[in-house]
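Okay, run.txt now, which holds compact mmCIF, C-alpha atoms:
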# COMPACT_ATOMS: atom_id res chain seq x y z
CA MET A 5 5.12 197.03 -72.77
CA LYS A 6 8.72 198.01 -73.22
CA LEU A 7 7.99 201.57 -72.29
CA LYS A 8 6.09 200.42 -69.24
CA SER A 9 8.96 198.34 -67.89
CA ALA A 10 11.44 201.10 -68.58
CA PHE A 11 9.19 203.39 -66.63
CA ALA A 12 9.02 200.93 -63.76
CA GLY A 13 12.79 200.65 -63.80
CA LEU A 14 13.13 204.39 -63.64
CA ALA A 15 10.67 204.61 -60.78
CA LEU A 16 12.60 201.93 -58.91
CA ALA A 17 15.92 203.70 -59.47
CA THR A 18 14.44 206.97 -58.24
CA ALA A 19 13.07 205.25 -55.20
CA PHE A 20 16.53 203.84 -54.41
CA ALA A 21 18.21 207.20 -54.88
CA ALA A 22 15.69 208.88 -52.63
CA THR A 23 16.22 206.40 -49.80
CA PRO A 24 18.81 207.65 -47.32
CA VAL A 25 21.81 205.44 -46.77
CA MET A 26 20.48 202.49 -44.78
CA ALA A 27 22.53 201.51 -41.75
CA ALA A 28 23.72 197.94 -41.99
CA ASP A 29 22.37 195.53 -39.41
CA TYR A 30 24.76 193.35 -37.48
CA VAL A 31 24.36 190.39 -35.16
CA ILE A 32 26.79 190.41 -32.27
CA ASP A 33 29.02 187.38 -32.72
CA THR A 34 28.40 185.62 -29.44
CA GLU A 35 28.22 182.35 -31.39
CA GLY A 36 31.89 182.61 -32.30
CA ALA A 37 32.69 184.30 -28.96
CA HIS A 38 34.05 187.42 -30.63
CA ALA A 39 32.28 189.57 -28.12
CA SER A 40 32.53 189.73 -24.37
CA ILE A 41 30.99 191.53 -21.44
CA ASN A 42 33.60 191.85 -18.73
CA PHE A 43 33.32 193.45 -15.35
CA LYS A 44 35.60 194.50 -12.57
CA ILE A 45 34.56 195.29 -9.02
CA ASP A 46 36.51 196.42 -6.01
CA HIS A 47 37.50 193.80 -3.45
CA LEU A 48 37.90 195.15 0.09
CA GLY A 49 39.58 198.29 -1.21
CA VAL A 50 42.75 196.32 -1.91
CA SER A 51 42.16 194.91 -5.37
CA TYR A 52 39.54 193.85 -7.90
CA VAL A 53 37.52 190.81 -8.81
CA VAL A 54 37.27 190.42 -12.57
CA GLY A 55 34.53 188.42 -14.20
CA ARG A 56 32.29 188.17 -17.20
CA PHE A 57 28.82 187.32 -18.40
CA ASN A 58 29.17 184.34 -20.69
CA GLU A 59 25.72 184.38 -22.27
CA PHE A 60 24.18 187.31 -24.05
CA THR A 61 22.71 188.16 -27.42
CA GLY A 62 22.49 191.37 -29.31
CA THR A 63 22.26 193.27 -32.54
CA PHE A 64 23.39 196.66 -33.74
CA SER A 65 22.98 198.90 -36.73
CA TYR A 66 25.90 200.93 -37.93
CA ASP A 67 26.90 202.87 -40.98
CA GLU A 68 30.08 204.85 -40.91
CA LYS A 69 28.54 207.44 -43.26
CA ASN A 70 25.66 207.99 -40.86
CA PRO A 71 26.89 207.04 -37.37
CA ALA A 72 24.20 209.06 -35.62
CA ALA A 73 21.63 206.49 -36.80
CA SER A 74 23.43 203.68 -34.97
CA LYS A 75 21.38 201.47 -32.71
CA VAL A 76 22.32 198.76 -30.22
CA GLU A 77 20.32 196.19 -28.29
CA VAL A 78 21.86 193.64 -25.97
CA THR A 79 20.24 191.13 -23.63
CA ILE A 80 22.39 189.51 -20.96
CA LYS A 81 21.61 186.29 -19.11
CA MET A 82 22.47 187.18 -15.53
CA ALA A 83 22.91 183.56 -14.41
CA SER A 84 25.85 183.30 -16.78
CA ILE A 85 28.02 185.41 -14.48
CA ASP A 86 31.46 183.85 -14.21
CA SER A 87 34.18 185.07 -11.88
CA ASN A 88 36.05 181.79 -12.14
CA HIS A 89 34.89 180.65 -8.70
CA ALA A 90 31.87 178.33 -8.51
CA GLU A 91 30.88 178.93 -4.89
CA ARG A 92 31.28 182.69 -5.20
CA ASP A 93 29.29 182.78 -8.45
CA ARG A 94 26.50 180.77 -6.84
CA HIS A 95 26.42 183.25 -3.98
CA VAL A 96 26.41 186.20 -6.39
CA ARG A 97 23.47 184.64 -8.29
CA SER A 98 21.50 184.20 -5.06
CA ASN A 99 19.07 186.72 -3.66
CA ASP A 100 21.87 188.15 -1.49
CA PHE A 101 23.14 189.76 -4.69
CA LEU A 102 21.89 189.57 -8.28
CA ASP A 103 18.83 187.42 -7.55
CA VAL A 104 18.98 185.93 -11.03
CA ARG A 105 15.83 183.88 -10.60
CA ARG A 106 13.86 187.08 -10.21
CA TYR A 107 15.94 189.20 -12.57
CA ALA A 108 16.94 186.67 -15.18
CA GLU A 109 18.01 189.20 -17.78
CA ALA A 110 19.63 192.57 -18.05
CA ARG A 111 18.96 194.61 -21.15
CA PHE A 112 20.54 197.55 -22.86
CA VAL A 113 18.68 199.51 -25.54
CA SER A 114 20.42 202.48 -27.08
CA THR A 115 18.71 205.83 -27.41
CA ALA A 116 21.41 207.91 -29.09
CA TYR A 117 24.86 207.63 -30.63
CA GLU A 118 26.89 210.83 -30.36
CA ASP A 119 29.67 210.62 -32.87
CA LEU A 120 32.80 212.36 -31.59
CA GLY A 121 34.88 211.70 -34.71
CA ASP A 122 37.95 209.54 -35.10
CA GLY A 123 35.90 206.41 -34.34
CA LYS A 124 34.96 207.67 -30.91
CA ALA A 125 31.40 208.09 -29.76
CA ASN A 126 29.16 208.27 -26.74
CA LEU A 127 26.59 205.51 -26.85
CA LYS A 128 23.59 206.47 -24.76
CA GLY A 129 20.84 204.15 -23.76
CA ASN A 130 18.71 202.58 -21.09
CA LEU A 131 20.07 199.73 -19.03
CA THR A 132 17.63 197.51 -17.19
CA LEU A 133 19.43 195.77 -14.36
CA MET A 134 17.67 193.93 -11.52
CA GLY A 135 14.34 195.29 -12.69
CA GLN A 136 15.42 198.94 -12.65
CA THR A 137 15.89 200.93 -15.83
CA ARG A 138 18.38 203.80 -15.80
CA PRO A 139 20.00 205.86 -18.56
CA ILE A 140 23.71 205.20 -18.99
CA VAL A 141 26.44 206.45 -21.30
CA ILE A 142 29.05 204.14 -22.74
CA PRO A 143 32.05 205.80 -24.38
CA VAL A 144 32.84 203.58 -27.35
CA GLN A 145 35.67 203.27 -29.79
CA LYS A 146 35.27 201.73 -33.20
CA VAL A 147 38.02 199.21 -33.83
CA GLY A 148 37.40 198.46 -37.48
CA GLU A 149 35.16 196.96 -40.12
CA GLY A 150 35.62 194.99 -43.29
CA GLN A 151 35.39 191.68 -45.07
CA ASP A 152 36.25 188.65 -43.02
CA PRO A 153 38.14 185.72 -44.61
CA TRP A 154 34.98 183.60 -44.88
CA GLY A 155 32.75 185.76 -47.05
CA GLY A 156 31.14 187.81 -44.32
CA TYR A 157 31.43 191.41 -43.26
CA ARG A 158 32.22 192.47 -39.73
CA ALA A 159 32.43 195.59 -37.62
CA GLY A 160 33.73 195.88 -34.10
CA PHE A 161 33.76 198.26 -31.16
CA THR A 162 35.03 198.45 -27.64
CA GLY A 163 33.42 200.33 -24.80
CA THR A 164 34.00 201.00 -21.15
CA THR A 165 31.73 202.45 -18.54
CA ALA A 166 31.14 202.45 -14.83
CA LEU A 167 27.82 201.74 -13.17
CA ASN A 168 26.82 202.92 -9.75
CA LEU A 169 25.06 199.87 -8.35
CA PRO A 170 22.88 201.72 -5.81
CA ASP A 171 21.32 203.57 -8.78
CA PHE A 172 19.84 200.21 -9.73
CA GLY A 173 18.63 199.54 -6.23
CA ALA A 174 21.51 197.14 -5.65
CA ASN A 175 22.81 197.82 -2.15
CA PHE A 176 25.24 195.00 -1.65
CA ASN A 177 27.17 194.95 1.57
CA LEU A 178 30.56 194.78 -0.14
CA GLY A 179 32.09 198.05 0.97
CA PRO A 180 31.78 201.58 -0.43
CA ALA A 181 34.31 201.12 -3.22
CA ALA A 182 32.36 198.11 -4.51
CA GLU A 183 29.34 200.25 -5.30
CA THR A 184 30.93 200.90 -8.68
CA VAL A 185 31.18 198.13 -11.22
CA TYR A 186 33.40 198.77 -14.22
CA LEU A 187 32.31 197.31 -17.52
CA ASP A 188 34.69 196.47 -20.29
CA LEU A 189 32.89 195.59 -23.49
CA VAL A 190 34.17 194.07 -26.68
CA VAL A 191 31.61 193.79 -29.45
CA GLU A 192 32.06 192.31 -32.89
CA GLY A 193 29.11 192.06 -35.22
CA ILE A 194 28.52 190.10 -38.40
CA ARG A 195 26.48 191.91 -41.01
CA LYS A 196 23.16 190.24 -41.69
CA MET B 24 23.44 148.81 33.64
CA LYS B 25 25.92 146.70 31.74
CA PHE B 26 27.62 147.50 28.47
CA ILE B 27 28.72 145.22 25.67
CA ARG B 28 32.46 144.63 25.28
CA HIS B 29 32.74 143.12 21.81
CA ALA B 30 33.98 145.25 18.90
CA GLY B 31 32.18 143.34 16.16
CA ASN B 32 28.48 142.76 15.73
CA THR B 33 26.77 139.57 16.83
CA PRO B 34 23.49 138.30 15.37
CA SER B 35 21.64 139.94 18.24
CA ALA B 36 23.74 142.97 19.21
CA TYR B 37 25.83 145.75 17.74
CA GLY B 38 29.51 145.83 18.61
CA TRP B 39 31.05 149.06 19.85
CA VAL B 40 32.62 149.88 16.45
CA SER B 41 29.19 149.94 14.78
CA ILE B 42 27.75 151.86 17.72
CA LEU B 43 30.50 154.46 17.66
CA LEU B 44 30.25 154.87 13.89
CA HIS B 45 26.48 155.28 14.15
CA TRP B 46 26.63 158.01 16.77
CA VAL B 47 29.53 159.91 15.25
CA VAL B 48 27.71 160.01 11.90
CA ALA B 49 24.52 161.07 13.70
CA LEU B 50 26.35 163.85 15.50
CA ALA B 51 27.99 165.03 12.28
CA VAL B 52 24.66 165.13 10.42
CA ILE B 53 22.95 166.96 13.28
CA GLY B 54 25.82 169.46 13.42
CA LEU B 55 26.51 170.02 9.74
CA TYR B 56 22.94 170.81 8.77
CA PRO B 57 22.44 173.89 10.97
CA LEU B 58 26.04 174.92 10.24
CA GLY B 59 25.17 174.87 6.53
CA LEU B 60 22.05 176.96 7.08
CA TYR B 61 24.07 179.38 9.20
CA ILE B 62 26.74 179.68 6.50
CA VAL B 63 24.30 180.76 3.81
CA SER B 64 22.92 183.40 6.18
CA LEU B 65 26.32 185.08 6.68
CA SER B 66 27.11 188.38 5.01
CA TYR B 67 30.41 189.05 3.30
CA TYR B 68 31.95 191.01 6.15
CA ASP B 69 31.05 188.47 8.81
CA PRO B 70 34.24 187.21 10.51
CA GLY B 71 33.03 183.64 9.92
CA TYR B 72 32.28 184.08 6.22
CA ARG B 73 35.36 182.08 5.28
CA LEU B 74 35.98 180.07 8.47
CA TYR B 75 32.63 178.28 8.77
CA PRO B 76 32.49 177.07 5.16
CA ASP B 77 36.04 175.74 5.60
CA ILE B 78 34.95 173.82 8.69
CA HIS B 79 31.78 172.58 6.96
CA ARG B 80 33.68 171.31 3.91
CA SER B 81 36.39 169.73 6.08
CA LEU B 82 33.90 167.92 8.31
CA GLY B 83 31.95 166.85 5.23
CA ILE B 84 35.00 165.17 3.71
CA LEU B 85 35.83 163.49 7.02
CA LEU B 86 32.23 162.31 7.27
CA ALA B 87 32.44 160.86 3.76
CA MET B 88 35.56 158.94 4.77
CA LEU B 89 33.83 157.74 7.92
CA LEU B 90 30.83 156.64 5.88
CA VAL B 91 33.08 154.49 3.68
CA ILE B 92 34.58 152.88 6.79
CA ARG B 93 31.10 152.37 8.19
CA LEU B 94 29.83 150.67 5.04
CA VAL B 95 32.88 148.41 4.86
CA TRP B 96 32.41 147.51 8.51
CA LYS B 97 28.73 146.85 7.85
CA LEU B 98 29.62 144.47 5.02
CA LEU B 99 32.17 142.63 7.17
CA ASN B 100 29.83 142.20 10.11
CA PRO B 101 26.50 140.48 10.61
CA SER B 102 23.56 142.84 11.01
CA PRO B 103 21.71 142.17 14.26
CA VAL B 104 18.18 140.96 13.62
CA LEU B 105 15.41 143.53 13.58
CA LEU B 106 13.39 143.45 16.75
CA VAL B 107 10.12 144.31 15.09
CA HIS B 108 7.88 141.57 13.79
CA SER B 109 5.13 142.95 11.64
CA THR B 110 5.83 142.95 7.95
CA TRP B 111 5.18 146.65 7.44
CA GLU B 112 7.50 147.57 10.28
CA ARG B 113 10.28 145.34 8.98
CA LEU B 114 9.88 146.73 5.47
CA SER B 115 9.71 150.35 6.52
CA ALA B 116 12.68 149.89 8.86
CA LYS B 117 14.78 148.44 6.05
CA ALA B 118 13.60 151.02 3.53
CA GLY B 119 14.18 153.82 6.03
CA HIS B 120 17.72 152.68 6.80
CA LEU B 121 18.52 152.28 3.11
CA LEU B 122 17.15 155.75 2.40
CA LEU B 123 19.20 157.24 5.24
CA TYR B 124 22.35 155.83 3.68
CA LEU B 125 21.33 156.95 0.18
CA LEU B 126 20.46 160.48 1.28
CA LEU B 127 23.65 160.79 3.30
CA GLY B 128 25.62 159.62 0.28
CA LEU B 129 23.78 162.09 -1.95
CA VAL B 130 24.36 164.99 0.46
CA LEU B 131 28.08 164.22 0.61
CA PHE B 132 28.39 163.72 -3.14
CA SER B 133 26.48 166.90 -4.00
CA GLY B 134 28.54 168.86 -1.48
CA TYR B 135 31.69 167.61 -3.16
CA MET B 136 30.25 168.46 -6.58
CA LEU B 137 29.38 171.97 -5.39
CA SER B 138 32.78 172.76 -3.94
CA THR B 139 34.74 171.24 -6.82
CA ALA B 140 32.50 172.55 -9.64
CA ASP B 141 35.24 174.86 -10.90
CA GLY B 142 38.04 172.35 -10.48
CA ARG B 143 39.17 173.63 -7.09
CA SER B 144 40.17 171.06 -4.53
CA ILE B 145 38.72 170.85 -1.04
CA GLN B 146 41.13 171.66 1.76
CA VAL B 147 40.43 169.58 4.86
CA PHE B 148 41.56 171.79 7.75
CA ASP B 149 45.27 172.18 7.14
CA TRP B 150 45.79 168.45 6.98
CA PHE B 151 45.28 167.45 3.35
CA SER B 152 43.26 168.36 0.32
CA VAL B 153 40.89 166.36 -1.85
CA PRO B 154 41.24 167.22 -5.53
CA ALA B 155 38.39 167.79 -7.94
CA ILE B 156 37.75 165.12 -10.53
CA PRO B 157 38.39 167.01 -13.79
CA ALA B 158 35.75 165.10 -15.74
CA LEU B 159 33.17 166.01 -13.10
CA ALA B 160 34.11 169.67 -12.73
CA ASN B 161 31.72 171.28 -15.19
CA ARG B 162 30.49 174.34 -13.31
CA GLN B 163 27.52 172.39 -11.96
CA GLU B 164 27.41 174.44 -8.75
CA GLU B 165 23.77 175.46 -9.16
CA LEU B 166 22.40 171.93 -9.56
CA ALA B 167 24.80 170.52 -6.96
CA GLY B 168 23.90 173.25 -4.48
CA THR B 169 20.17 172.70 -4.95
CA VAL B 170 20.51 168.92 -4.57
CA HIS B 171 22.76 169.44 -1.54
CA PHE B 172 20.15 171.57 0.22
CA TYR B 173 17.13 169.38 -0.49
CA ALA B 174 18.91 166.08 0.14
CA ALA B 175 20.28 167.42 3.43
CA THR B 176 16.84 168.66 4.47
CA GLY B 177 15.36 165.28 3.56
CA LEU B 178 18.11 163.52 5.48
CA VAL B 179 17.53 165.54 8.64
CA VAL B 180 13.76 164.99 8.44
CA LEU B 181 14.24 161.26 7.92
CA ALA B 182 16.77 161.15 10.76
CA GLY B 183 14.07 162.73 12.92
CA VAL B 184 11.63 160.01 11.89
CA HIS B 185 14.38 157.46 12.60
CA ALA B 186 14.81 158.89 16.12
CA LEU B 187 11.05 158.88 16.74
CA ALA B 188 10.89 155.25 15.59
CA ALA B 189 13.67 154.36 18.03
CA LEU B 190 11.75 156.05 20.85
CA LYS B 191 8.60 154.21 19.79
CA HIS B 192 10.43 150.88 20.00
CA HIS B 193 11.85 151.83 23.39
CA PHE B 194 8.80 153.24 25.12
CA ILE B 195 5.84 151.67 23.33
CA ASP B 196 7.14 148.35 22.06
CA GLN B 197 9.58 148.22 24.98
CA ASN B 198 12.14 146.28 23.01
CA ALA B 199 15.95 146.66 22.98
CA THR B 200 16.27 148.57 19.70
CA LEU B 201 17.48 151.79 21.31
CA ARG B 202 19.33 150.14 24.19
CA ARG B 203 21.43 147.99 21.92
CA MET B 204 22.46 151.03 19.89
CA LEU B 205 23.61 152.55 23.17
CA GLY B 206 25.72 149.47 23.86
CA MET B 207 23.58 148.25 26.74
CA THR B 208 23.37 144.54 27.15
CA THR B 209 19.97 142.98 26.82
CA GLU B 210 18.71 140.32 29.23
CA LYS B 211 19.25 137.71 26.53
CA ASP B 212 22.98 138.47 26.42
Let's see the structure in the file written out as structure tokens.
Amino acid sequence: MKLKSAFAGLALATAFAATPVMAADYVIDTEGAHASINFKIDHLGVSYVVGRFNEFTGTFSYDEKNPAASKVEVTIKMASIDSNHAERDRHVRSNDFLDVRRYAEARFVSTAYEDLGDGKANLKGNLTLMGQTRPIVIPVQKVGEGQDPWGGYRAGFTGTTALNLPDFGANFNLGPAAETVYLDLVVEGIRK
Amino acid sequence: MKFIRHAGNTPSAYGWVSILLHWVVALAVIGLYPLGLYIVSLSYYDPGYRLYPDIHRSLGILLAMLLVIRLVWKLLNPSPVLLVHSTWERLSAKAGHLLLYLLLGLVLFSGYMLSTADGRSIQVFDWFSVPAIPALANRQEELAGTVHFYAATGLVVLAGVHALAALKHHFIDQNATLRRMLGMTTEKD
């Protein structure tokens, strides 16, 4: 009996040792609003309109010892677009622009995480926007990770990228410079 | 053809204040509805993309003020008796008029709620501005916009029924319903 349990313990320990370092899973802290999806788009070639998507959910896996195994998934509620102007946002939600009734969600699913060292990486993945899925690259920068003051563990990243809207079939009549939308992402996750 | 001269209503005829208020409101409703449809059809680079919504909002606020005056005037004045006699016609006339007022009120209120959803005020031409009510500015532009469209469509349809009913009274019943809203004196006067 004793021998048997010792054996089992040994087997268990071996199994653990054999398992590669598991990436920790994180939930993006939208609940506490420690994550934001911000955008910037040209206005008439003279300036920019800045806005954000207020509602989204997501998860990521990350282990600093094995960054290449990192994974990210984010789903954005398109109707939550907010450029701090009600009538404009309503127009942007309409079928003149984002058509949020038809394309209620945008989704990003990562396919690769190219670690560039020093906390920098290229996050590659597929973005589905307005029903069209295209590969995109988001240069990201790890900000930090560690214990939070309330018994949890957090990790955070920032990322910026630019999307060419016509690639997603979005041909808005807003001028040539407004074909590019700049995304500014701030993501903080709480380890599950 | 003779026209009435009194400003206030009498038990049998509308005074010119009521008549004027009726037709100005009618004109505003008939004008604002297609203007609204035209506005949502405009693209961003259209020269009227900003001008026409400004006019629409301004006229809407003025119409709301006029509606308040009209309701006060209505309360202060006797309503001329209905010229129809059958029960169903009396009931549907009263219900129809009440619904016209309710829909108009709803269109104006939802328009206000749409344009002030983010706390912005409504500029009425360059004369004055109507502030948002902070407690009511909760980014309700989607609901307000939907209500605004359907209530306005309902209002225009009902106004059409209202006009057809007036024509029916004029040509079929041959009573003074339409004439007295045009300020024409009836034989009884």
With only C-alpha atoms as the basis for distance, which of A:Ile142, A:Ala125, A:Ile80, A:Val31 is at the shortest distance from Arg111 of chain A?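 With only C-alpha atoms as the atom set, the closest residue is A:Ile80.
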I need the contact residues of chain A against chain B, so if you could list those with any atom within 7 Å, counting only C-alpha atoms, and return them as a ChimeraX atom specification, that would help. /A:89-91,94,177-178
Please identify all polymer residues within 12 Å of Gly121 of chain A, counting only C-alpha atoms, omitting same-chain residues fewer than 2 positions from it, and present them as a PyMOL selection string. chain A and resi 68-72+117-119+123-126+144-146
Residues just named, written with C-alpha atoms as a short mmCIF file (atom, residue, chain, number, x, y, z; two decimals), in the coordinates of the input:
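So out_29.cif came out as:
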data_model
loop_
_atom_site.label_atom_id
_atom_site.label_comp_id
_atom_site.auth_asym_id
_atom_site.auth_seq_id
_atom_site.Cartn_x
_atom_site.Cartn_y
_atom_site.Cartn_z
CA GLU A 68 30.08 204.85 -40.91
CA LYS A 69 28.54 207.44 -43.26
CA ASN A 70 25.66 207.99 -40.86
CA PRO A 71 26.89 207.04 -37.37
CA ALA A 72 24.20 209.06 -35.62
CA TYR A 117 24.86 207.63 -30.63
CA GLU A 118 26.89 210.83 -30.36
CA ASP A 119 29.67 210.62 -32.87
CA GLY A 123 35.90 206.41 -34.34
CA LYS A 124 34.96 207.67 -30.91
CA ALA A 125 31.40 208.09 -29.76
CA ASN A 126 29.16 208.27 -26.74
CA VAL A 144 32.84 203.58 -27.35
CA GLN A 145 35.67 203.27 -29.79
CA LYS A 146 35.27 201.73 -33.20
#
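In terms of minimum interatomic distance to Tyr107 of chain A, A:Ala174 ranks closest within A:Ala39, A:Ala174, A:Ala159, A:Val53, counting only C-alpha atoms.
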Identify, on the basis of only C-alpha atoms, every residue whose closest approach to Gly83 of chain B does not exceed 9 Å; exclude the query and any residue fewer than 3 positions from it along the same chain; express the result as a PyMOL selection string. chain B and resi 51+55+78-80+86-88+131+134-135+147
File output, segment 100-112 of chain B (N, CA and C atoms) as a PDB file, in the first residue's frame:
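See decode02.pdb below for the written result:
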ATOM      1  N   ASN B 100     -59.654  78.143 -24.488  1.00  0.00           N
ATOM      2  CA  ASN B 100     -60.750  78.426 -25.407  1.00  0.00           C
ATOM      3  C   ASN B 100     -61.732  77.266 -25.476  1.00  0.00           C
ATOM      4  N   PRO B 101     -62.983  77.575 -25.762  1.00  0.00           N
ATOM      5  CA  PRO B 101     -63.921  76.461 -25.978  1.00  0.00           C
ATOM      6  C   PRO B 101     -63.580  75.749 -27.283  1.00  0.00           C
ATOM      7  N   SER B 102     -63.800  74.440 -27.310  1.00  0.00           N
ATOM      8  CA  SER B 102     -63.622  73.707 -28.564  1.00  0.00           C
ATOM      9  C   SER B 102     -64.946  73.722 -29.311  1.00  0.00           C
ATOM     10  N   PRO B 103     -64.952  74.156 -30.538  1.00  0.00           N
ATOM     11  CA  PRO B 103     -66.204  74.136 -31.313  1.00  0.00           C
ATOM     12  C   PRO B 103     -66.757  72.713 -31.382  1.00  0.00           C
ATOM     13  N   VAL B 104     -68.060  72.610 -31.367  1.00  0.00           N
ATOM     14  CA  VAL B 104     -68.667  71.267 -31.361  1.00  0.00           C
ATOM     15  C   VAL B 104     -68.321  70.518 -32.630  1.00  0.00           C
ATOM     16  N   LEU B 105     -68.189  69.191 -32.478  1.00  0.00           N
ATOM     17  CA  LEU B 105     -67.966  68.355 -33.663  1.00  0.00           C
ATOM     18  C   LEU B 105     -69.218  68.404 -34.526  1.00  0.00           C
ATOM     19  N   LEU B 106     -68.996  68.361 -35.820  1.00  0.00           N
ATOM     20  CA  LEU B 106     -70.128  68.457 -36.736  1.00  0.00           C
ATOM     21  C   LEU B 106     -70.635  67.104 -37.199  1.00  0.00           C
ATOM     22  N   VAL B 107     -69.980  66.052 -36.681  1.00  0.00           N
ATOM     23  CA  VAL B 107     -70.459  64.716 -37.035  1.00  0.00           C
ATOM     24  C   VAL B 107     -71.376  64.227 -35.931  1.00  0.00           C
ATOM     25  N   HIS B 108     -72.265  63.314 -36.270  1.00  0.00           N
ATOM     26  CA  HIS B 108     -73.288  62.927 -35.305  1.00  0.00           C
ATOM     27  C   HIS B 108     -73.211  61.484 -34.855  1.00  0.00           C
ATOM     28  N   SER B 109     -72.768  60.602 -35.751  1.00  0.00           N
ATOM     29  CA  SER B 109     -72.782  59.201 -35.340  1.00  0.00           C
ATOM     30  C   SER B 109     -71.717  58.971 -34.268  1.00  0.00           C
ATOM     31  N   THR B 110     -72.023  58.036 -33.403  1.00  0.00           N
ATOM     32  CA  THR B 110     -71.145  57.782 -32.263  1.00  0.00           C
ATOM     33  C   THR B 110     -69.745  57.390 -32.706  1.00  0.00           C
ATOM     34  N   TRP B 111     -69.667  56.509 -33.697  1.00  0.00           N
ATOM     35  CA  TRP B 111     -68.326  56.036 -34.108  1.00  0.00           C
ATOM     36  C   TRP B 111     -67.515  57.165 -34.705  1.00  0.00           C
ATOM     37  N   GLU B 112     -68.188  58.075 -35.411  1.00  0.00           N
ATOM     38  CA  GLU B 112     -67.451  59.193 -36.007  1.00  0.00           C
ATOM     39  C   GLU B 112     -66.973  60.171 -34.935  1.00  0.00           C
TER      40      GLU B 112
END
